[in-house]
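Here is the structure we will look at.
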There are 2 protein chains.
Amino acid sequence: QGTRDHPPAHVALRDRLLAAVVACFKRHGAAAIDTPVLELQETLTGKYGEDVKLIYKLEDQGGELLALRYDLTVPFARYLAMNKITNMKRYHVAKVYRRDNPATTRGRYREFYQCDFDIAGQFDPMIPDAECLKVVHEILSDLQLGDFLIKVNDRRILSGVFAVCGIPESKFLTTCSTVDKLDKMPWEDVKSEMVGEKGLSPEAADRIGEYVQLHGGLDLVERLLQDAKLSQNKLAKEGLGDMKLLFEYLTLFGIAGKISFDLSLARGLDYYTGVIFEAVLLQQENEHVEEPVSVGSVAGGGRYDGLVGMFDPKGRKVPCVGVSIGIERIFSILKQRVEAAGEKVRTTETEVLVATPQKHSVAARLKLISELWDAGIKAEMLYKKDPKLLKQLQYCEDTGIPLAAIVGEQELAAGVVKLRDVATREEVRM
Amino acid sequence: QGTRDHPPAHVALRDRLLAAVVACFKRHGAAAIDTPVLELQETLTGKYGEDVKLIYKLEDQGGELLALRYDLTVPFARYLAMNKITNMKRYHVAKVYRRDNPATTRGRYREFYQCDFDIAGQFDPMIPDAECLKVVHEILSDLQLGDFLIKVNDRRILSGVFAVCGIPESKFLTTCSTVDKLDKMPWEDVKSEMVGEKGLSPEAADRIGEYVQLHGGLDLVERLLQDAKLSQNKLAKEGLGDMKLLFEYLTLFGIAGKISFDLSLARGLDYYTGVIFEAVLLQQENEHVEEPVSVGSVAGGGRYDGLVGMFDPKGRKVPCVGVSIGIERIFSILKQRVEAAGEKVRTTETEVLVATPQKHSVAARLKLISELWDAGIKAEMLYKKDPKLLKQLQYCEDTGIPLAAIVGEQELAAGVVKLRDVATREEVRM
């Protein structure tokens with residue numbers, strides 16, 4: 001339940017997509033690591049907030065208590081701590097596992113790929129953070145997914161907002177997860193969840209509402225830096241100062257136009273400590289909507305400066321920032337597009353079919369195909385001793401093989417091969 | 001326990017290796033599929049003989065009872081049956097899981113890659129089987145692993161041998177697993193296991209011994225086809241007839257010299273029904289040994305015509321033959337070789353470091369690096385606002401970056417970049 005077999009057409013399309021993502025990660029100088037799909041259960045506990053119930057556990061068959069990884073971020077932090085690495089730019093493309101309810105959550109699976117790019121190390125503020133946003137911008141542009149927007153916020157700004165609105169610190173994380181729903185439900189519903197479920201006063205909720213409904217660019221950052229209450233809060237001031245620097249760097253990268261400082265962005269996971277971001281695709285303009293509407297998140301990430309320290313016996317921290325590309329949603333979009341265009345994705349790369357028009361020539365075909373393989377040419381033949389020529393040419397058309405190398409009695413006698421272009425039916429002897 | 005984190009140097013080397021294997025699979029026209037790491041427990045039971053105890057089970061958290069896949073062959077057979085596919089050439093590169101005792105079994109892990117190539121469908125005898133051996137031959141030759149030998153045998157020949165030696169059919173599978181140890185222990189020990197543990201009579205064991213210690217080429221096949229007892233056994237006769245045809249095809253492929261018909265090859269898994277094979281690396285000649293000694297199996301496979309039928313509600317069979325490349329052992333060999341040669345494997349592909357000799361030029365670096373990325377050039381910069389030039393050049397030497405693009409005040413004023421070859425220290429302005 002909630003998992004899929006991927007037929008060749010899907011794997012071929014997905015490999016194309018993953019190749020583009022990995023090419024971007026390599027362009028930014030990242031190295032790949034690989035970690036086991038199994039982690040100790042204790043490694044995963046206390047990292048995912050309310051989502052802990054979605055972790056797949058292994059049966060206790062003796063030995064360690066194991067679970068399937070839930071994301072690639074926690075294994076990366078464990079890896080850094082275990083190997084005492086304080087400085088690393090890495091990518092990791094692998095599947096993760098969540099016991100979500102796939103029937104009720106459309107398009108979400110229990111096994112899915114994540115493509116993560118992270119920068120770990122003590123550096124000057126916002127340079128790695130800006131690079132993560134550049135990576136997202138490059139990938140979404142390369143894949144030609146249409147218009148998109150990258151929302152950014154900072155956990156410290158949110159904490160500052162909650163503090164100046166009179167929310168006790170113990171309720172920050174749970175308030176975060178309610179605020180995060182503002183992109184899917186109207187403010188009234190968010191407010192009633194804050195008041196009804198999370199126990200905030202209606203006045204405090206309203207004060208929060210005034211902030212979290214704001215979004216803009218550098219101008220909004222500047223305005224909030226002048227905000228009478230917020231400018232008095234240490235965390236908010238730090239966050240806003242860094243946000244200003246981030247926008248400077250994004251302007252130098254030429255991508256500030258696609259970035260929206262959005263105070264409603266909160267993100268669910270416990271481990272974020274600074275900048276957070278999420279990329280959404282916007283509905284196409286030709287669909288005649290007045291304002292672009294988000295059609296879903298395709299990348300997300302942020303800064304998590306405390307996570308590595310949780311795995312270090314002495315609590316030594318390694319600041320990290322990273323992004324995860326939501327490859328599954330992008331895959332769905334590309335698949336729909338390929339299907340809509342009637343494009344046929346070839347599932348093999350075979351260049352030539354070795355064929356024969358007469359019976360009793362399996363030996364000639366085996367000899368020729370062996371020569372082709374040894375020369376590095378992608379070649380196939382039918383596994384019948386005496387297949388009909390028509391069937392062999394039909395196979396080329398069905399699977400998109402462009403050439404047939406035909407060895408008949410005449411060709412054998414003359415020591416040549418007849419090469420046929422399947423589409424044009426042109427033939428040359430060689 | 002029994003799993004590993006792979007640091008960048010290992011992943012880089014492994015990716016190189018996997019690329020060579022996948023290139024061969026594609027050269028032979030195979031398409032890729034992907035299946036979940038999770039299978040229903042019932043899918044895996046009854047397929048692996050005594051090894052069933054090595055299957056990793058998931059905790060019963062409600063819903064289906066799941067396990068981690070044990071190999072890629074059973075998931076492939078399930079995939080064919082579920083999708084009613086009767087004809088497919090596929091490859092699959094993925095990790096599999098076995099609760100082996102990694103401490104006592106050197107070089108064996110609980111999580112490891114398999115690289116499988118399989119041909120499913122009703123075809124003329126031995127053409128796909130011969131191609132599987134050609135695939136193994138190409139991969140081991142491409143990877144330049146030194147001399148190797150591919151042992152072949154046939155389950156039907158073994159069954160015939162057991163039958164004419166007076167072994168009851170109920171003991172065929174368990175006798176197989178004892179015979180399979182002949183490459184690791186002398187005949188006397190194998191015999192005493194047959195008699196002591198498996199309950200064969202010493203006379204029957206001796207009769208088996210006369211056959212299973214034979215190995216050779218086409219000549220041995222011909223001899224056994226004339227064998228007074230064996231030639232009377234229907235299964236053995238079929239198996240020997242196909243073996244003769246296989247050698248004909250392997251001769252056409254030009255690889256018969258590396259193939260040894262070895263009656264001691266039995267292979268453990270229950271699902272094989274016909275040809276079985278295993279590739280071993282031979283000790284190098286320069287180690288001055290009289291006869292080449294096997295240093296371990298690096299590929300194995302065979303024909304399994306009954307497995308798909310086990311997953312079809314009506315029991316419809318799809319004949320299959322395939323091979324699995326033992327990538328982990330090959331990886332160990334290549335890693336040792338790289339380390340012995342003192343070769344440094346680059347873990348990133350960065351072409352140029354954007355550097356600066358003066359302070360306060362982070363903006364210039366960000367602008368330039370952004371242009372490089374957008375042009376598809378692999379570029380890095382240090383994440384410090386004001387790094388020392390020496391430190392930047394040292395980073396190039398440490399990580400193997402060949403070029404540094406330097407933007408100093410002079411270059412900025414002149415609108416140029418100074419490109420420095422890190423190794424030769426030559427510089428050009430451009």
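We name chains A, B, ... following the order of the structure tokens; residues begin at 1 in each chain, and ligands are numbered from 1 as shown.
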Per-residue nearest contacts of chain A to chain B (6 Å; only C-alpha atoms) as CSV:
residue,atom,partner,partner_atom,distance
A:Asp5,CA,B:Thr35,CA,4.5
A:His6,CA,B:Asp34,CA,4.9
A:Pro7,CA,B:Ile33,CA,5.1
A:Pro8,CA,B:Ile33,CA,5.0
A:Arg27,CA,B:Lys378,CA,3.9
A:His28,CA,B:Ala379,CA,5.9
A:Gly29,CA,B:Thr350,CA,5.2
A:Ala31,CA,B:Thr348,CA,5.2
A:Ala32,CA,B:Pro8,CA,5.2
A:Ile33,CA,B:Pro8,CA,5.0
A:Asp34,CA,B:His6,CA,4.9
A:Thr35,CA,B:Asp5,CA,4.5
A:Lys57,CA,B:Glu59,CA,5.5
A:Leu58,CA,B:Leu58,CA,4.0
A:Glu59,CA,B:Glu59,CA,4.0
A:Phe123,CA,B:Tyr383,CA,5.6
A:Asp124,CA,B:Lys384,CA,5.2
A:Ile127,CA,B:Tyr383,CA,5.9
A:Leu252,CA,B:Lys367,CA,5.4
A:Phe253,CA,B:Ser370,CA,5.5
A:Thr347,CA,B:Ala31,CA,5.5
A:Thr348,CA,B:Ala31,CA,5.2
A:Thr350,CA,B:Gly29,CA,5.2
A:Lys367,CA,B:Leu252,CA,5.4
A:Ser370,CA,B:Phe253,CA,5.5
A:Lys378,CA,B:Arg27,CA,3.9
A:Ala379,CA,B:His28,CA,5.9
A:Glu380,CA,B:Gly29,CA,5.9
A:Tyr383,CA,B:Phe123,CA,5.6
A:Lys384,CA,B:Asp124,CA,5.2
Can you pull out every residue from range 196-257 of chain B that DSSP, working from the backbone, puts in alpha helix (DSSP H), and format the result as a CSV table (one decimal) with C-alpha atoms, in the first residue's frame?
chain,number,residue,atom,x,y,z
B,196,GLY,CA,26.7,-37.5,8.1
B,202,PRO,CA,28.7,-43.7,1.4
B,203,GLU,CA,28.3,-45.6,-1.9
B,204,ALA,CA,25.8,-43.1,-3.3
B,205,ALA,CA,28.1,-40.3,-2.2
B,206,ASP,CA,31.1,-41.9,-4.0
B,207,ARG,CA,29.1,-42.3,-7.2
B,208,ILE,CA,28.1,-38.6,-7.0
B,209,GLY,CA,31.8,-37.8,-6.4
B,210,GLU,CA,32.8,-39.4,-9.6
B,211,TYR,CA,30.6,-37.0,-11.5
B,212,VAL,CA,30.7,-33.7,-9.6
B,218,LEU,CA,32.5,-29.2,-25.0
B,219,ASP,CA,34.6,-32.4,-24.9
B,220,LEU,CA,33.2,-33.2,-21.5
B,221,VAL,CA,29.6,-32.5,-22.6
B,222,GLU,CA,30.1,-34.9,-25.5
B,223,ARG,CA,31.6,-37.5,-23.2
B,224,LEU,CA,28.7,-37.4,-20.8
B,225,LEU,CA,26.2,-37.5,-23.6
B,234,LYS,CA,15.7,-37.8,-19.6
B,235,LEU,CA,16.5,-34.7,-17.6
B,236,ALA,CA,20.3,-35.1,-17.9
B,237,LYS,CA,20.0,-35.7,-21.6
B,238,GLU,CA,18.0,-32.5,-22.1
B,239,GLY,CA,20.4,-30.6,-20.0
B,240,LEU,CA,23.5,-32.0,-21.8
B,241,GLY,CA,21.8,-31.3,-25.2
B,242,ASP,CA,21.2,-27.7,-24.2
B,243,MET,CA,24.8,-27.4,-22.8
B,244,LYS,CA,26.1,-28.5,-26.2
B,245,LEU,CA,24.1,-25.8,-27.9
B,246,LEU,CA,25.2,-23.2,-25.4
B,247,PHE,CA,28.8,-24.0,-26.1
B,248,GLU,CA,28.1,-23.6,-29.8
B,249,TYR,CA,26.7,-20.1,-29.2
B,250,LEU,CA,29.5,-19.2,-26.8
B,251,THR,CA,32.0,-20.2,-29.5
B,252,LEU,CA,30.2,-17.9,-32.0
Please provide the set of residues having any atom within 7 Å of range 407-413 of chain B, restricted to only C-alpha atoms, with same-chain residues fewer than 2 positions apart removed, written as a ChimeraX atom specification.
-> /B:355-358,405,415-418
How many Å lie between CA of Tyr304 in chain B and CA of Asn101 in chain B, rounded to one decimal?
->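 For CA of Tyr304 in chain B relative to CA of Asn101 in chain B, the distance reads 27.5 Å.
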Looking only at the backbone, which of the residues in range 297-373 of chain A does DSSP tag as strand (DSSP E), as a VMD selection string?
-> chain A and resid 297 to 303 320 to 325 352 to 355
Residues within 10 Å of Leu263 in chain A, please, as a PDB file with N, CA, C and O atoms, in the first residue's frame. Count only C-alpha atoms; anything in the same chain fewer than 4 positions from it doesn't count.
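Result file is around_8.pdb:
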ATOM      1  N   LYS A 151       9.338  30.998  -1.619  1.00  0.00           N
ATOM      2  CA  LYS A 151       8.994  31.724  -0.393  1.00  0.00           C
ATOM      3  C   LYS A 151      10.111  31.536   0.618  1.00  0.00           C
ATOM      4  O   LYS A 151      10.614  30.415   0.786  1.00  0.00           O
ATOM      5  N   VAL A 152      10.497  32.620   1.276  1.00  0.00           N
ATOM      6  CA  VAL A 152      11.482  32.494   2.350  1.00  0.00           C
ATOM      7  C   VAL A 152      10.959  33.150   3.617  1.00  0.00           C
ATOM      8  O   VAL A 152      10.141  34.085   3.578  1.00  0.00           O
ATOM      9  N   ASN A 153      11.399  32.622   4.725  1.00  0.00           N
ATOM     10  CA  ASN A 153      11.111  33.202   6.021  1.00  0.00           C
ATOM     11  C   ASN A 153      12.250  32.787   6.939  1.00  0.00           C
ATOM     12  O   ASN A 153      13.251  32.209   6.467  1.00  0.00           O
ATOM     13  N   ASP A 154      12.152  33.091   8.205  1.00  0.00           N
ATOM     14  CA  ASP A 154      13.209  32.709   9.139  1.00  0.00           C
ATOM     15  C   ASP A 154      12.544  32.321  10.450  1.00  0.00           C
ATOM     16  O   ASP A 154      11.667  33.040  10.943  1.00  0.00           O
ATOM     17  N   ARG A 155      12.957  31.191  10.987  1.00  0.00           N
ATOM     18  CA  ARG A 155      12.366  30.729  12.250  1.00  0.00           C
ATOM     19  C   ARG A 155      12.541  31.774  13.359  1.00  0.00           C
ATOM     20  O   ARG A 155      11.693  31.919  14.235  1.00  0.00           O
ATOM     21  N   ILE A 157      12.530  35.027  12.956  1.00  0.00           N
ATOM     22  CA  ILE A 157      11.532  36.087  12.764  1.00  0.00           C
ATOM     23  C   ILE A 157      10.181  35.611  13.302  1.00  0.00           C
ATOM     24  O   ILE A 157       9.484  36.345  14.018  1.00  0.00           O
ATOM     25  N   LEU A 158       9.822  34.357  12.984  1.00  0.00           N
ATOM     26  CA  LEU A 158       8.571  33.806  13.494  1.00  0.00           C
ATOM     27  C   LEU A 158       8.555  33.798  15.021  1.00  0.00           C
ATOM     28  O   LEU A 158       7.560  34.188  15.646  1.00  0.00           O
ATOM     29  N   VAL A 161       7.943  37.202  16.195  1.00  0.00           N
ATOM     30  CA  VAL A 161       6.534  37.566  16.016  1.00  0.00           C
ATOM     31  C   VAL A 161       5.692  36.962  17.139  1.00  0.00           C
ATOM     32  O   VAL A 161       4.878  37.646  17.772  1.00  0.00           O
ATOM     33  N   VAL A 179       0.361  28.012  11.623  1.00  0.00           N
ATOM     34  CA  VAL A 179       0.649  29.113  10.683  1.00  0.00           C
ATOM     35  C   VAL A 179       0.952  28.557   9.289  1.00  0.00           C
ATOM     36  O   VAL A 179       0.533  29.112   8.261  1.00  0.00           O
ATOM     37  N   ASP A 180       1.652  27.408   9.262  1.00  0.00           N
ATOM     38  CA  ASP A 180       2.081  26.805   8.000  1.00  0.00           C
ATOM     39  C   ASP A 180       0.908  26.445   7.085  1.00  0.00           C
ATOM     40  O   ASP A 180       1.091  26.234   5.893  1.00  0.00           O
ATOM     41  N   LEU A 182      -1.522  28.379   6.303  1.00  0.00           N
ATOM     42  CA  LEU A 182      -2.103  29.575   5.672  1.00  0.00           C
ATOM     43  C   LEU A 182      -2.112  29.503   4.145  1.00  0.00           C
ATOM     44  O   LEU A 182      -2.890  30.206   3.495  1.00  0.00           O
ATOM     45  N   ILE A 208      -0.950  37.983  15.752  1.00  0.00           N
ATOM     46  CA  ILE A 208      -0.142  37.142  14.850  1.00  0.00           C
ATOM     47  C   ILE A 208      -0.600  37.322  13.412  1.00  0.00           C
ATOM     48  O   ILE A 208       0.198  37.478  12.486  1.00  0.00           O
ATOM     49  N   GLY A 209      -1.919  37.336  13.236  1.00  0.00           N
ATOM     50  CA  GLY A 209      -2.497  37.458  11.898  1.00  0.00           C
ATOM     51  C   GLY A 209      -2.015  38.683  11.156  1.00  0.00           C
ATOM     52  O   GLY A 209      -1.815  38.649   9.932  1.00  0.00           O
ATOM     53  N   GLU A 210      -1.829  39.772  11.891  1.00  0.00           N
ATOM     54  CA  GLU A 210      -1.365  40.995  11.232  1.00  0.00           C
ATOM     55  C   GLU A 210       0.024  40.814  10.615  1.00  0.00           C
ATOM     56  O   GLU A 210       0.339  41.405   9.592  1.00  0.00           O
ATOM     57  N   TYR A 211       0.858  40.005  11.277  1.00  0.00           N
ATOM     58  CA  TYR A 211       2.205  39.772  10.753  1.00  0.00           C
ATOM     59  C   TYR A 211       2.232  38.693   9.668  1.00  0.00           C
ATOM     60  O   TYR A 211       2.778  38.902   8.590  1.00  0.00           O
ATOM     61  N   VAL A 212       1.616  37.528   9.996  1.00  0.00           N
ATOM     62  CA  VAL A 212       1.861  36.384   9.120  1.00  0.00           C
ATOM     63  C   VAL A 212       1.135  36.496   7.780  1.00  0.00           C
ATOM     64  O   VAL A 212       1.360  35.652   6.899  1.00  0.00           O
ATOM     65  N   GLN A 213       0.277  37.481   7.624  1.00  0.00           N
ATOM     66  CA  GLN A 213      -0.340  37.647   6.309  1.00  0.00           C
ATOM     67  C   GLN A 213       0.467  38.570   5.407  1.00  0.00           C
ATOM     68  O   GLN A 213       0.085  38.849   4.275  1.00  0.00           O
ATOM     69  N   LEU A 214       1.611  39.018   5.916  1.00  0.00           N
ATOM     70  CA  LEU A 214       2.464  39.903   5.112  1.00  0.00           C
ATOM     71  C   LEU A 214       3.377  39.090   4.197  1.00  0.00           C
ATOM     72  O   LEU A 214       3.878  38.031   4.565  1.00  0.00           O
ATOM     73  N   HIS A 215       3.565  39.584   2.976  1.00  0.00           N
ATOM     74  CA  HIS A 215       4.618  39.043   2.131  1.00  0.00           C
ATOM     75  C   HIS A 215       5.105  40.115   1.178  1.00  0.00           C
ATOM     76  O   HIS A 215       4.352  41.026   0.820  1.00  0.00           O
ATOM     77  N   GLY A 216       6.369  40.020   0.797  1.00  0.00           N
ATOM     78  CA  GLY A 216       6.945  41.045  -0.078  1.00  0.00           C
ATOM     79  C   GLY A 216       8.406  40.774  -0.326  1.00  0.00           C
ATOM     80  O   GLY A 216       8.837  39.621  -0.269  1.00  0.00           O
TER      81      GLY A 216
END
